[in-house]
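Everything below belongs to entry_8.csv, which stores CSV, C-alpha atoms and all ligand atoms.
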```csv
chain,number,residue,atom,x,y,z
A,1,MET,CA,8.4,-119.6,13.5
A,2,PHE,CA,4.9,-118.6,12.4
A,3,LYS,CA,2.9,-121.5,13.8
A,4,GLN,CA,-0.3,-119.6,14.0
A,5,LYS,CA,-2.4,-119.1,10.8
A,6,ARG,CA,-1.9,-115.6,9.6
A,7,ILE,CA,-4.6,-113.5,7.9
A,8,LEU,CA,-4.5,-110.0,6.3
A,9,ILE,CA,-7.8,-108.1,6.5
A,10,THR,CA,-8.0,-104.9,4.5
A,11,GLY,CA,-10.6,-102.4,5.5
A,12,ALA,CA,-9.9,-103.6,9.0
A,13,ALA,CA,-11.1,-100.4,10.7
A,14,GLY,CA,-14.4,-100.4,8.8
A,15,PHE,CA,-17.8,-101.9,9.8
A,16,LEU,CA,-17.4,-105.3,8.3
A,17,GLY,CA,-13.6,-105.5,8.5
A,18,SER,CA,-13.6,-104.9,12.2
A,19,HIS,CA,-16.1,-107.6,12.9
A,20,LEU,CA,-14.1,-110.0,10.7
A,21,CYS,CA,-10.9,-109.1,12.7
A,22,ASP,CA,-12.9,-110.0,15.9
A,23,ARG,CA,-14.0,-113.3,14.5
A,24,PHE,CA,-10.5,-114.4,13.3
A,25,ILE,CA,-8.9,-113.3,16.6
A,26,LYS,CA,-11.6,-115.4,18.4
A,27,GLU,CA,-10.5,-118.3,16.1
A,28,ASP,CA,-6.9,-117.8,17.3
A,29,PHE,CA,-5.5,-116.4,14.1
A,30,TYR,CA,-2.7,-113.9,13.9
A,31,VAL,CA,-4.6,-110.9,12.3
A,32,ILE,CA,-2.9,-108.2,10.3
A,33,GLY,CA,-5.3,-105.3,9.8
A,34,MET,CA,-4.8,-102.7,7.1
A,35,ASP,CA,-6.8,-99.5,6.5
A,36,ASN,CA,-6.2,-96.0,5.0
A,37,LEU,CA,-8.9,-94.7,7.5
A,38,ILE,CA,-10.8,-92.7,4.8
A,39,THR,CA,-14.1,-94.2,5.9
A,40,GLY,CA,-12.8,-96.6,8.6
A,41,ASP,CA,-12.4,-95.6,12.2
A,42,LEU,CA,-9.7,-96.7,14.6
A,43,ARG,CA,-12.3,-96.8,17.4
A,44,ASN,CA,-13.7,-100.0,15.8
A,45,ILE,CA,-10.4,-101.9,16.5
A,46,GLU,CA,-9.0,-100.0,19.5
A,47,HIS,CA,-9.7,-103.1,21.7
A,48,LEU,CA,-7.5,-105.2,19.4
A,49,LEU,CA,-4.5,-103.0,19.2
A,50,LYS,CA,-3.1,-104.2,22.6
A,51,LEU,CA,-3.3,-107.9,21.6
A,52,GLU,CA,-0.2,-109.9,20.8
A,53,ASN,CA,-1.8,-111.5,17.8
A,54,PHE,CA,-3.0,-108.3,16.1
A,55,GLU,CA,-1.1,-105.7,14.2
A,56,PHE,CA,-2.3,-102.7,12.2
A,57,TYR,CA,-0.9,-101.0,9.1
A,58,HIS,CA,-2.2,-97.6,8.2
A,59,HIS,CA,-1.9,-98.1,4.4
A,60,ASP,CA,-3.8,-97.4,1.2
A,61,VAL,CA,-4.0,-100.7,-0.7
A,62,THR,CA,-4.2,-98.9,-4.1
A,63,ASN,CA,-0.4,-98.5,-3.5
A,64,PHE,CA,1.9,-101.6,-3.6
A,65,VAL,CA,1.1,-103.8,-0.6
A,66,HIS,CA,3.6,-105.8,1.3
A,67,THR,CA,3.5,-107.5,4.7
A,68,PRO,CA,6.5,-109.2,6.2
A,69,GLY,CA,6.4,-113.0,6.8
A,70,LYS,CA,4.1,-115.7,5.8
A,71,LEU,CA,0.5,-115.2,5.0
A,72,ASP,CA,-2.2,-117.9,4.8
A,73,TYR,CA,-5.3,-115.9,4.0
A,74,ILE,CA,-6.3,-112.4,2.7
A,75,LEU,CA,-9.7,-110.9,3.1
A,76,HIS,CA,-10.1,-107.8,0.9
A,77,PHE,CA,-12.7,-105.6,2.5
A,78,ALA,CA,-11.3,-102.2,1.9
A,79,SER,CA,-13.8,-100.0,0.0
A,80,PRO,CA,-16.2,-97.1,0.6
A,81,ALA,CA,-19.6,-98.8,0.8
A,82,SER,CA,-22.4,-96.4,0.9
A,83,PRO,CA,-24.0,-94.4,-2.0
A,84,ILE,CA,-23.0,-91.1,-0.3
A,85,ASP,CA,-19.4,-92.2,-0.1
A,86,TYR,CA,-19.3,-93.0,-3.8
A,87,LEU,CA,-20.5,-89.5,-4.6
A,88,LYS,CA,-18.0,-87.9,-2.2
A,89,ILE,CA,-14.9,-90.1,-3.2
A,90,PRO,CA,-15.7,-91.6,-6.5
A,91,ILE,CA,-12.1,-92.0,-7.7
A,92,GLN,CA,-10.9,-93.7,-4.5
A,93,THR,CA,-13.9,-96.0,-4.8
A,94,LEU,CA,-12.9,-97.0,-8.4
A,95,LYS,CA,-9.2,-97.4,-7.4
A,96,VAL,CA,-9.6,-99.6,-4.4
A,97,GLY,CA,-11.9,-102.1,-6.2
A,98,SER,CA,-9.6,-102.2,-9.2
A,99,LEU,CA,-6.0,-101.3,-8.4
A,100,GLY,CA,-6.4,-102.4,-4.8
A,101,THR,CA,-7.7,-105.8,-5.8
A,102,HIS,CA,-4.9,-106.2,-8.3
A,103,ASN,CA,-2.3,-105.5,-5.6
A,104,LEU,CA,-3.8,-107.9,-3.2
A,105,LEU,CA,-4.2,-110.7,-5.8
A,106,GLY,CA,-0.5,-110.1,-6.5
A,107,LEU,CA,0.3,-110.5,-2.8
A,108,ALA,CA,-1.8,-113.6,-2.6
A,109,LYS,CA,0.1,-115.1,-5.5
A,110,GLU,CA,3.4,-114.2,-4.0
A,111,LYS,CA,2.6,-115.6,-0.6
A,112,LYS,CA,0.6,-118.5,-1.8
A,113,ALA,CA,-2.3,-117.3,0.3
A,114,ARG,CA,-6.0,-117.9,-0.3
A,115,ILE,CA,-7.8,-114.6,-0.9
A,116,LEU,CA,-11.5,-113.8,-0.5
A,117,VAL,CA,-12.7,-110.6,-2.0
A,118,ALA,CA,-15.8,-108.6,-0.9
A,119,SER,CA,-18.1,-108.1,-3.8
A,120,THR,CA,-21.7,-106.8,-3.6
A,121,SER,CA,-25.3,-107.1,-4.7
A,122,GLU,CA,-24.5,-103.9,-6.5
A,123,VAL,CA,-23.1,-106.0,-9.3
A,124,TYR,CA,-26.8,-106.8,-10.1
A,125,GLY,CA,-27.4,-103.0,-10.5
A,126,ASP,CA,-31.1,-102.2,-10.5
A,127,PRO,CA,-32.2,-105.8,-11.0
A,128,ASN,CA,-35.1,-106.8,-13.2
A,129,ILE,CA,-35.5,-110.2,-11.5
A,130,ASN,CA,-36.2,-110.8,-7.9
A,131,PRO,CA,-34.7,-112.5,-5.9
A,132,GLN,CA,-31.3,-112.3,-7.5
A,133,PRO,CA,-29.4,-115.6,-8.1
A,134,GLU,CA,-25.7,-115.6,-8.7
A,135,GLU,CA,-26.2,-116.5,-12.4
A,136,TYR,CA,-28.0,-113.1,-13.0
A,137,TRP,CA,-25.6,-110.8,-14.9
A,138,GLY,CA,-27.2,-107.6,-13.7
A,139,ASN,CA,-28.5,-104.3,-15.0
A,140,VAL,CA,-25.8,-101.7,-14.3
A,141,ASN,CA,-25.5,-98.1,-15.5
A,142,PRO,CA,-21.7,-97.7,-15.8
A,143,VAL,CA,-21.8,-93.9,-16.0
A,144,GLY,CA,-24.3,-93.2,-13.3
A,145,PRO,CA,-23.4,-92.1,-9.7
A,146,ARG,CA,-23.3,-95.7,-8.5
A,147,GLY,CA,-21.2,-96.9,-11.5
A,148,VAL,CA,-17.9,-96.1,-9.7
A,149,TYR,CA,-18.7,-98.8,-7.1
A,150,ASP,CA,-20.6,-101.2,-9.3
A,151,GLU,CA,-18.1,-101.3,-12.1
A,152,ALA,CA,-15.1,-101.5,-9.7
A,153,LYS,CA,-16.7,-104.5,-8.0
A,154,ARG,CA,-17.5,-106.1,-11.4
A,155,PHE,CA,-13.9,-105.6,-12.5
A,156,GLN,CA,-12.8,-107.0,-9.1
A,157,GLU,CA,-14.7,-110.2,-9.8
A,158,ALA,CA,-13.3,-110.5,-13.3
A,159,MET,CA,-9.7,-109.9,-12.1
A,160,THR,CA,-10.1,-112.4,-9.2
A,161,MET,CA,-11.4,-115.0,-11.6
A,162,ALA,CA,-8.5,-114.4,-14.0
A,163,TYR,CA,-6.0,-114.8,-11.2
A,164,HIS,CA,-7.7,-118.0,-10.3
A,165,THR,CA,-7.7,-119.5,-13.8
A,166,PHE,CA,-4.5,-118.1,-15.1
A,167,HIS,CA,-2.2,-118.0,-11.9
A,168,LYS,CA,-4.0,-120.8,-10.0
A,169,VAL,CA,-4.5,-118.5,-7.0
A,170,GLU,CA,-7.0,-119.8,-4.5
A,171,THR,CA,-9.8,-117.3,-4.6
A,172,ARG,CA,-13.3,-116.8,-3.1
A,173,ILE,CA,-15.9,-114.1,-4.0
A,174,VAL,CA,-18.7,-113.1,-1.7
A,175,ARG,CA,-21.6,-110.9,-2.9
A,176,ILE,CA,-22.7,-109.1,0.1
A,177,PHE,CA,-26.3,-107.7,0.4
A,178,ASN,CA,-27.4,-104.9,2.7
A,179,THR,CA,-25.8,-105.6,6.1
A,180,TYR,CA,-26.3,-103.8,9.4
A,181,GLY,CA,-25.2,-103.8,13.0
A,182,PRO,CA,-23.0,-102.1,15.6
A,183,ARG,CA,-20.1,-100.0,14.2
A,184,MET,CA,-21.9,-98.8,11.1
A,185,ARG,CA,-21.1,-95.1,10.6
A,186,LEU,CA,-23.9,-92.9,11.9
A,187,ASN,CA,-23.1,-90.4,9.1
A,188,ASP,CA,-22.6,-92.7,6.1
A,189,GLY,CA,-26.0,-91.8,4.6
A,190,ARG,CA,-27.3,-95.4,4.5
A,191,VAL,CA,-30.9,-95.9,5.4
A,192,LEU,CA,-30.5,-97.6,8.8
A,193,PRO,CA,-28.1,-95.2,10.5
A,194,ALA,CA,-29.9,-92.3,8.8
A,195,PHE,CA,-33.3,-93.4,10.3
A,196,ILE,CA,-32.0,-94.4,13.7
A,197,GLY,CA,-29.9,-91.2,13.9
A,198,GLN,CA,-32.9,-89.1,13.0
A,199,ALA,CA,-35.1,-90.8,15.5
A,200,ILE,CA,-32.5,-90.3,18.3
A,201,ARG,CA,-32.1,-86.6,17.4
A,202,GLY,CA,-35.9,-86.1,17.2
A,203,GLU,CA,-35.9,-85.3,13.5
A,204,ASP,CA,-38.3,-86.6,10.9
A,205,LEU,CA,-37.2,-89.8,9.0
A,206,THR,CA,-36.2,-89.0,5.4
A,207,VAL,CA,-37.7,-91.6,3.0
A,208,PHE,CA,-36.4,-91.3,-0.5
A,209,GLY,CA,-38.9,-91.7,-3.3
A,210,ASP,CA,-42.3,-93.3,-2.4
A,211,GLY,CA,-40.6,-95.8,-0.1
A,212,LEU,CA,-41.9,-98.8,-2.0
A,213,GLN,CA,-38.4,-99.8,-3.1
A,214,THR,CA,-37.3,-102.9,-1.2
A,215,ARG,CA,-34.2,-104.1,0.6
A,216,SER,CA,-33.3,-107.2,2.6
A,217,PHE,CA,-31.2,-106.5,5.7
A,218,CYS,CA,-28.7,-109.0,7.2
A,219,TYR,CA,-27.4,-108.8,10.7
A,220,VAL,CA,-23.6,-108.5,10.7
A,221,ASP,CA,-22.9,-111.7,12.8
A,222,ASP,CA,-24.8,-113.8,10.3
A,223,LEU,CA,-22.8,-112.3,7.4
A,224,VAL,CA,-19.5,-112.9,9.2
A,225,GLU,CA,-20.5,-116.6,9.7
A,226,GLY,CA,-21.3,-116.9,6.0
A,227,ILE,CA,-18.0,-115.4,5.0
A,228,TYR,CA,-16.1,-117.6,7.4
A,229,ARG,CA,-17.7,-120.7,5.9
A,230,LEU,CA,-17.1,-119.6,2.3
A,231,LEU,CA,-13.4,-118.9,3.0
A,232,PHE,CA,-12.9,-122.5,4.2
A,233,SER,CA,-15.1,-124.1,1.5
A,234,ASP,CA,-13.7,-125.0,-1.9
A,235,TYR,CA,-16.3,-123.0,-3.9
A,236,VAL,CA,-14.7,-120.5,-6.3
A,237,GLN,CA,-17.7,-119.0,-8.1
A,238,PRO,CA,-19.3,-115.8,-6.6
A,239,MET,CA,-21.7,-116.6,-3.7
A,240,ASN,CA,-24.6,-114.4,-2.4
A,241,ILE,CA,-24.6,-113.9,1.4
A,242,GLY,CA,-27.5,-111.9,2.8
A,243,ASN,CA,-30.9,-112.2,4.5
A,244,PRO,CA,-33.8,-112.9,2.1
A,245,ASP,CA,-36.3,-111.2,4.4
A,246,GLU,CA,-37.4,-108.4,2.1
A,247,ILE,CA,-39.1,-105.2,3.2
A,248,THR,CA,-40.1,-101.9,1.7
A,249,ILE,CA,-38.2,-98.8,2.9
A,250,LYS,CA,-41.5,-97.3,4.1
A,251,GLU,CA,-42.3,-100.4,6.3
A,252,PHE,CA,-38.7,-100.3,7.5
A,253,GLY,CA,-39.3,-96.7,8.6
A,254,GLU,CA,-42.4,-97.8,10.5
A,255,GLU,CA,-40.3,-100.4,12.3
A,256,ILE,CA,-37.7,-97.9,13.3
A,257,ILE,CA,-40.5,-95.5,14.5
A,258,LYS,CA,-41.9,-98.3,16.7
A,259,LEU,CA,-38.5,-99.5,17.9
A,260,THR,CA,-37.3,-96.0,19.0
A,261,GLY,CA,-40.7,-94.7,20.1
A,262,THR,CA,-40.0,-91.4,18.3
A,263,LYS,CA,-42.9,-89.0,17.9
A,264,GLN,CA,-41.5,-87.8,14.5
A,265,LYS,CA,-43.0,-88.8,11.2
A,266,MET,CA,-41.7,-90.0,7.8
A,267,ILE,CA,-41.1,-87.2,5.2
A,268,PHE,CA,-40.5,-87.9,1.5
A,269,LYS,CA,-37.5,-86.7,-0.5
A,270,PRO,CA,-36.5,-87.3,-4.1
A,271,LEU,CA,-35.2,-90.7,-5.0
A,272,PRO,CA,-31.5,-90.8,-5.9
A,273,THR,CA,-30.5,-91.6,-9.5
A,274,ASP,CA,-30.4,-95.4,-10.3
A,275,ASP,CA,-31.6,-96.4,-6.8
A,276,PRO,CA,-32.5,-100.1,-7.2
A,277,LYS,CA,-36.3,-100.8,-6.9
A,278,GLN,CA,-35.9,-104.2,-5.4
A,279,ARG,CA,-33.2,-106.3,-3.8
A,280,ARG,CA,-33.3,-109.7,-2.2
A,281,PRO,CA,-30.7,-112.4,-2.3
A,282,ASP,CA,-31.4,-115.9,-3.6
A,283,ILE,CA,-29.3,-117.9,-1.0
A,284,ALA,CA,-30.0,-121.4,-2.3
A,285,LYS,CA,-26.3,-121.9,-3.0
A,286,ALA,CA,-25.2,-120.7,0.4
A,287,ARG,CA,-27.7,-123.0,2.0
A,288,LYS,CA,-26.7,-126.0,0.0
A,289,ILE,CA,-22.9,-125.6,-0.2
A,290,LEU,CA,-22.1,-123.9,3.1
A,291,GLY,CA,-25.1,-125.2,5.1
A,292,TRP,CA,-25.6,-121.5,6.0
A,293,GLU,CA,-28.6,-119.3,6.5
A,294,PRO,CA,-29.2,-116.2,8.6
A,295,LYS,CA,-30.3,-116.9,12.2
A,296,ILE,CA,-30.9,-113.4,13.6
A,297,SER,CA,-34.3,-111.8,12.9
A,298,ARG,CA,-34.6,-108.1,12.0
A,299,ALA,CA,-36.4,-107.4,15.3
A,300,GLU,CA,-33.5,-108.9,17.3
A,301,GLY,CA,-30.7,-107.3,15.2
A,302,LEU,CA,-32.4,-103.9,15.1
A,303,LYS,CA,-32.7,-103.9,18.9
A,304,ILE,CA,-28.9,-104.6,19.3
A,305,THR,CA,-28.0,-102.0,16.7
A,306,TYR,CA,-30.3,-99.3,18.3
A,307,GLU,CA,-28.7,-99.9,21.7
A,308,TYR,CA,-25.3,-99.4,20.1
A,309,PHE,CA,-26.2,-96.1,18.5
A,310,LYS,CA,-27.8,-94.9,21.7
A,311,SER,CA,-24.6,-95.7,23.6
A,312,LEU,CA,-22.4,-93.4,21.3
A,313,PRO,CA,-21.2,-90.1,22.8
A,314,LYS,CA,-23.8,-87.4,22.4
A,315,ALA,CA,-21.2,-85.3,20.4
A,316,ILE,CA,-21.1,-88.0,17.7
A,317,ILE,CA,-24.9,-88.4,17.5
A,318,GLU,CA,-25.4,-84.6,17.3
A,319,LYS,CA,-22.4,-83.7,15.1
A,320,ILE,CA,-23.5,-85.4,11.9
A,321,GLU,CA,-21.6,-83.7,9.2
A,322,HIS,CA,-24.4,-83.8,6.6
A,323,LYS,CA,-27.8,-84.4,8.0
A,324,ASP,CA,-29.6,-83.8,4.7
A,325,PHE,CA,-27.9,-86.2,2.3
A,326,THR,CA,-30.3,-85.3,-0.5
A,327,LYS,CA,-27.9,-82.5,-1.4
A,328,TYR,CA,-25.6,-85.2,-2.8
A,329,HIS,CA,-28.3,-86.8,-5.0
A,330,ARG,CA,-28.0,-86.5,-8.7
A,401,LIG,N1,-33.0,-94.3,1.8
A,401,LIG,C1,-34.0,-93.6,2.4
A,401,LIG,N2,-33.6,-92.6,3.3
A,401,LIG,C2,-32.4,-92.3,3.7
A,401,LIG,C3,-31.3,-93.2,3.1
A,401,LIG,C4,-31.7,-94.1,2.2
A,401,LIG,O1,-35.2,-93.7,2.0
A,401,LIG,O2,-32.2,-91.4,4.5
A,401,LIG,C5,-33.3,-95.4,0.9
A,401,LIG,C6,-32.5,-95.4,-0.4
A,401,LIG,O3,-33.0,-94.5,-1.4
A,401,LIG,C7,-32.6,-96.8,-0.8
A,401,LIG,C8,-32.7,-97.6,0.5
A,401,LIG,O4,-33.1,-96.6,1.5
A,401,LIG,O5,-33.7,-97.1,-1.6
A,401,LIG,C9,-31.4,-98.2,1.0
A,401,LIG,O6,-30.4,-97.2,0.9
A,401,LIG,P1,-28.9,-97.4,1.4
A,401,LIG,O7,-28.2,-96.1,1.1
A,401,LIG,O8,-28.9,-97.9,2.8
A,401,LIG,O9,-28.3,-98.6,0.6
A,401,LIG,P2,-28.4,-99.2,-0.9
A,401,LIG,O10,-29.1,-100.5,-0.7
A,401,LIG,O11,-29.2,-98.2,-1.8
A,401,LIG,O12,-27.0,-99.3,-1.4
```
Show how you would write the structure in this file as structure tokens.
Amino acid sequence: MFKQKRILITGAAGFLGSHLCDRFIKEDFYVIGMDNLITGDLRNIEHLLKLENFEFYHHDVTNFVHTPGKLDYILHFASPASPIDYLKIPIQTLKVGSLGTHNLLGLAKEKKARILVASTSEVYGDPNINPQPEEYWGNVNPVGPRGVYDEAKRFQEAMTMAYHTFHKVETRIVRIFNTYGPRMRLNDGRVLPAFIGQAIRGEDLTVFGDGLQTRSFCYVDDLVEGIYRLLFSDYVQPMNIGNPDEITIKEFGEEIIKLTGTKQKMIFKPLPTDDPKQRRPDIAKARKILGWEPKISRAEGLKITYEYFKSLPKAIIEKIEHKDFTKYHR
């Protein structure tokens, strides 16, 4: 029967999930996508729905998860993933990282499947060392607005490790740093879609705080390659995957202004609570163990992403639900 390798990808209709579906389809896997579509969008996987080796379940993984037949791999990528989402849907964010992960670990155990869970640089909180190596335990405020995501992901890592040591499930943990590319949601409030959307609509770019906080942006294809290699490695400790090319948000705004040719300027808004001051992955482990490092420069990646956003229907570009996300700050 099932000769083809079968993989379940949760969060399949999301930004990262949909790119992972594409990659595993390309590698000739049978891909089972799952998503509750709270933050995902079917348009991201519409091109896959007609394929014979793709099927989709509209399901919330915080409820019991079952898929018929054998399963070789699971990628757990279901989760809201932007600070605005955590503020809008905090309980779902907590549940998918904790209860959802528990359900998928149970499924992995039952099916004897290898599971890779999507963790995040947010486990480092507002880090007081830079760059962040995997050994750093972080500086997280559990009861702040980002705590619902950060703590769910920290619990996810603990639960995953426990299933590995206690139940001998084959597990992998990737800590994902800021990633960008086509299929990001234009209205998710993250800095890149926010700036590009504002530039396209002819609005000023909203920089939060003084703009001297840093981030390091990884193009999605590089991230997918890193995840692919991690899944097939035998490394079970958490691994950072991200681009170490660090930049301040103000410099990033200048790059977007140049790229888009907008005549608008940057305006400064209050910094959200617990917004990390610096973030940059230490990728020594990924280099050594996976032979991986990012290949796509920010200039290249931003150009592709800008073209994508420009190609969206005008109605989507104009009809941004909440143009001023600062009303969500606390
Ligand atoms: N940011 C900004 N303007 C915006 C959206 C975000 O200056 O319109 C800042 C935000 O305060 C943070 C950085 O850009 O310092 C990255 O924010 P994002 O929400 O993309 O992700 P984070 O890395 O904070 O999870």
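Picture a line from atom CA of Ile129 of chain A to atom CA of Gln278 of chain A; it runs 8.6 Å.
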Checklist entry - Within 8 Å of ligand LIG 401 (chain A), counting all atoms listed in the file, which protein or nucleic acid residues do you find, written as a VMD selection string? => result chain A and resid 81 to 84 122 177 to 178 189 to 192 194 to 195 205 to 209 211 213 to 215 249 to 250 268 to 269 271 to 272 275 to 277 279 325
Residues from last step as file, C-alpha atoms, as a CSV table (one decimal), in the coordinates of the input:
```
chain,number,residue,atom,x,y,z
A,81,ALA,CA,-19.6,-98.8,0.8
A,82,SER,CA,-22.4,-96.4,0.9
A,83,PRO,CA,-24.0,-94.4,-2.0
A,84,ILE,CA,-23.0,-91.1,-0.3
A,122,GLU,CA,-24.5,-103.9,-6.5
A,177,PHE,CA,-26.3,-107.7,0.4
A,178,ASN,CA,-27.4,-104.9,2.7
A,189,GLY,CA,-26.0,-91.8,4.6
A,190,ARG,CA,-27.3,-95.4,4.5
A,191,VAL,CA,-30.9,-95.9,5.4
A,192,LEU,CA,-30.5,-97.6,8.8
A,194,ALA,CA,-29.9,-92.3,8.8
A,195,PHE,CA,-33.3,-93.4,10.3
A,205,LEU,CA,-37.2,-89.8,9.0
A,206,THR,CA,-36.2,-89.0,5.4
A,207,VAL,CA,-37.7,-91.6,3.0
A,208,PHE,CA,-36.4,-91.3,-0.5
A,209,GLY,CA,-38.9,-91.7,-3.3
A,211,GLY,CA,-40.6,-95.8,-0.1
A,213,GLN,CA,-38.4,-99.8,-3.1
A,214,THR,CA,-37.3,-102.9,-1.2
A,215,ARG,CA,-34.2,-104.1,0.6
A,249,ILE,CA,-38.2,-98.8,2.9
A,250,LYS,CA,-41.5,-97.3,4.1
A,268,PHE,CA,-40.5,-87.9,1.5
A,269,LYS,CA,-37.5,-86.7,-0.5
A,271,LEU,CA,-35.2,-90.7,-5.0
A,272,PRO,CA,-31.5,-90.8,-5.9
A,275,ASP,CA,-31.6,-96.4,-6.8
A,276,PRO,CA,-32.5,-100.1,-7.2
A,277,LYS,CA,-36.3,-100.8,-6.9
A,279,ARG,CA,-33.2,-106.3,-3.8
A,325,PHE,CA,-27.9,-86.2,2.3
```
Checklist entry - Taking all atoms listed in the file into account, which of A:Ser79, A:Ser216, A:Thr120, A:Thr67 comes nearest Asp150 of chain A? => result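 That would be A:Thr120, the residue with the smallest distance to Asp150 of chain A.
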Next on the checklist: Counting only C-alpha atoms, which residue out of A:Arg175, A:Arg6, A:Lys50, A:Lys95 sits closest to Ala113 of chain A?
Outcome noted: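 Looking only at the distances to Ala113 of chain A, the closest residue turns out to be A:Arg6.
Using only C-alpha atoms, the shortest contact distance between Asn44 of chain A and any of A:Arg185, A:Gly106, A:Ser119, A:Lys26 is found at A:Arg185.
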Item to check | Shell of 10 Å around Tyr308 of chain A, only C-alpha atoms, local chain residues under 2 positions omitted, as a list in words | outcome: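 In the requested form, the answer reads Gly181, Pro182, Arg183, Met184, Leu302, Lys303, Ile304, Thr305, Tyr306, Lys310, Ser311 and Leu312 of chain A.
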Item to check | Residues within 9 Å of (-19.9, -100.3, -13.8), counting all atoms listed in the file, listed as a list in words | outcome: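 Here is the list of nearby residues: Val123, Gly125, Val140, Asn141, Pro142, Val143, Gly144, Arg146, Gly147, Val148, Tyr149, Asp150, Glu151, Ala152, Lys153, Arg154 and Phe155 of chain A.
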Tell me, counting all atoms listed in the file, for each residue of segment 141-258 of chain A within 10 Å of segment 283-292 of chain A, which pair of atoms is nearest and how far apart they are in Å to one decimal, in rows ordered by chain and increasing number, as a Markdown table.
```
| residue | atom | partner | partner_atom | distance |
| --- | --- | --- | --- | --- |
| A:Asp222 | CA | A:Trp292 | CA | 8.9 |
| A:Leu223 | CA | A:Trp292 | CA | 9.7 |
| A:Glu225 | CA | A:Trp292 | CA | 8.0 |
| A:Gly226 | CA | A:Trp292 | CA | 6.3 |
| A:Ile227 | CA | A:Leu290 | CA | 9.6 |
| A:Tyr228 | CA | A:Leu290 | CA | 9.7 |
| A:Arg229 | CA | A:Leu290 | CA | 6.1 |
| A:Leu230 | CA | A:Leu290 | CA | 6.6 |
| A:Phe232 | CA | A:Leu290 | CA | 9.4 |
| A:Ser233 | CA | A:Leu290 | CA | 7.2 |
| A:Asp234 | CA | A:Ile289 | CA | 9.4 |
| A:Tyr235 | CA | A:Ile289 | CA | 8.0 |
| A:Pro238 | CA | A:Lys285 | CA | 10.0 |
| A:Met239 | CA | A:Ala286 | CA | 6.8 |
| A:Asn240 | CA | A:Ile283 | CA | 6.0 |
| A:Ile241 | CA | A:Ile283 | CA | 6.6 |
| A:Gly242 | CA | A:Ile283 | CA | 7.3 |
| A:Asn243 | CA | A:Ile283 | CA | 8.1 |
| A:Pro244 | CA | A:Ile283 | CA | 7.4 |
```
